[in-house]
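Q: One structure coming up, written as structure tokens, with questions to follow.
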Amino acid sequence: MIRLPARWANARQLRARWQAWPVALGAIATLAGCASTPAGKGAHRASATPELHVGGSATVSGSHSGEKLRVTLLAFMPDVAGGADDHPEFDMQYVGAQLKLTNVGSTAYSGAPGDDVVVYTNEGQKSRKAVLLEGTCSDRFAREVAIAPGGSEQGCVAAQIPVVASATTLRFLAGGGFAGVEWSLGRARKGAG
């Protein structure tokens, strides 16, 4: 019989404990009446605002006092090509969101919209961050933007989702906070846009 090192057994126990947390939290949220969808595959925290679609705008507060942005999803691209040196992770594809950010607050806004965008799939998975060197979504907008009160900027933000999945929702969280806005993407699939 082969004996595994004790640290491997501990790792299995820790993994089992961490995998149990989402189920336990989902059950608590359901009992408390906080969950709008059943916990499990395909579930994520629903927005309190009306459902938006591509072309829609909403205002979100930033992480600092006086920061307020009106965010417009101008377009969603279910298949974004990068340059010769851009390669998605294994079994992943690039998707892109064309955004317009308008500072409607009283203070300057600076941030990285690429850090504020999350794409959810029909499989309940969250996108992974992508930084493209060339192509449609390779501008500085995703990495760094500074907008004075009354000003606006627009650009493209890339993300990675599994090749076999469809993008269903895009969420923008200003400053990476918990309050944000979401758009329904209508299960955008490769070649569907």
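The chains in the structure tokens are called A, B, ... from first to last as shown; in each chain the residues are counted from 1, and the ligands are counted from 1 in the order shown.
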Kindly assemble as CSV a list of the stretch 95-175 of chain A residues that lie within 10 Å of stretch 65-80 of chain A, each paired with its nearest atom pair and their distance in Å to one decimal, using only C-alpha atoms, sorted first by chain and then by ascending residue number.

A:
```
residue,atom,partner,partner_atom,distance
A:Val95,CA,A:Pro78,CA,4.8
A:Gly96,CA,A:Met77,CA,4.9
A:Ala97,CA,A:Phe76,CA,4.6
A:Gln98,CA,A:Ala75,CA,5.0
A:Leu99,CA,A:Leu73,CA,4.8
A:Lys100,CA,A:Thr72,CA,5.1
A:Leu101,CA,A:Val71,CA,4.8
A:Thr102,CA,A:Arg70,CA,5.1
A:Asn103,CA,A:Leu69,CA,4.7
A:Val104,CA,A:Lys68,CA,5.4
A:Gly105,CA,A:Lys68,CA,4.3
A:Ser106,CA,A:Gly66,CA,5.0
A:Thr107,CA,A:Gly66,CA,5.3
A:Ala108,CA,A:Glu67,CA,7.0
A:Tyr109,CA,A:Glu67,CA,6.2
A:Ser110,CA,A:Glu67,CA,9.3
A:Leu132,CA,A:Val80,CA,9.8
A:Gly135,CA,A:Val80,CA,8.0
A:Thr136,CA,A:Val80,CA,7.1
A:Cys137,CA,A:Val80,CA,7.6
A:Ile147,CA,A:Leu69,CA,9.6
A:Pro149,CA,A:Glu67,CA,8.9
A:Gly150,CA,A:Leu69,CA,9.8
A:Ser152,CA,A:Arg70,CA,9.1
A:Gln154,CA,A:Leu74,CA,9.0
A:Gly155,CA,A:Leu74,CA,9.4
A:Cys156,CA,A:Ala75,CA,9.1
A:Val157,CA,A:Phe76,CA,9.7
A:Ala158,CA,A:Val80,CA,7.7
A:Ala159,CA,A:Val80,CA,9.2
A:Gln160,CA,A:Val80,CA,9.7
A:Ile161,CA,A:Pro78,CA,9.6
A:Val163,CA,A:Asp79,CA,9.8
A:Ser166,CA,A:Pro78,CA,8.3
A:Ala167,CA,A:Pro78,CA,7.3
A:Leu170,CA,A:Phe76,CA,9.0
A:Phe172,CA,A:Val71,CA,8.2
A:Ala174,CA,A:Leu69,CA,7.9
A:Gly175,CA,A:Glu67,CA,9.6
```

Q: Using atom CA of A:Ser63 and atom CA of A:Gly180 as the two end points, give the distance in Å to one decimal.

A: 11.0 Å

Q: Could you tell me how far atom CA of A:Asp85 lies from atom CA of A:Ser127, in Å and to one decimal?

A: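 One can read the atom CA of A:Asp85 to atom CA of A:Ser127 distance as 20.5 Å.
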
Q: At what distance in Å, to one decimal, does atom CA of A:Thr168 lie from atom CA of A:Val54?

A: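 So the answer is 11.5 Å.
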
Q: Where does DSSP see helix (DSSP H, G or I) in stretch 53-139 of chain A, if you list the residues as a list in words?

A: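 Across stretch 53-139 of chain A, those assigned helix (DSSP H, G or I) are Pro113, Gly114, Asp115 and Asp116 of chain A.
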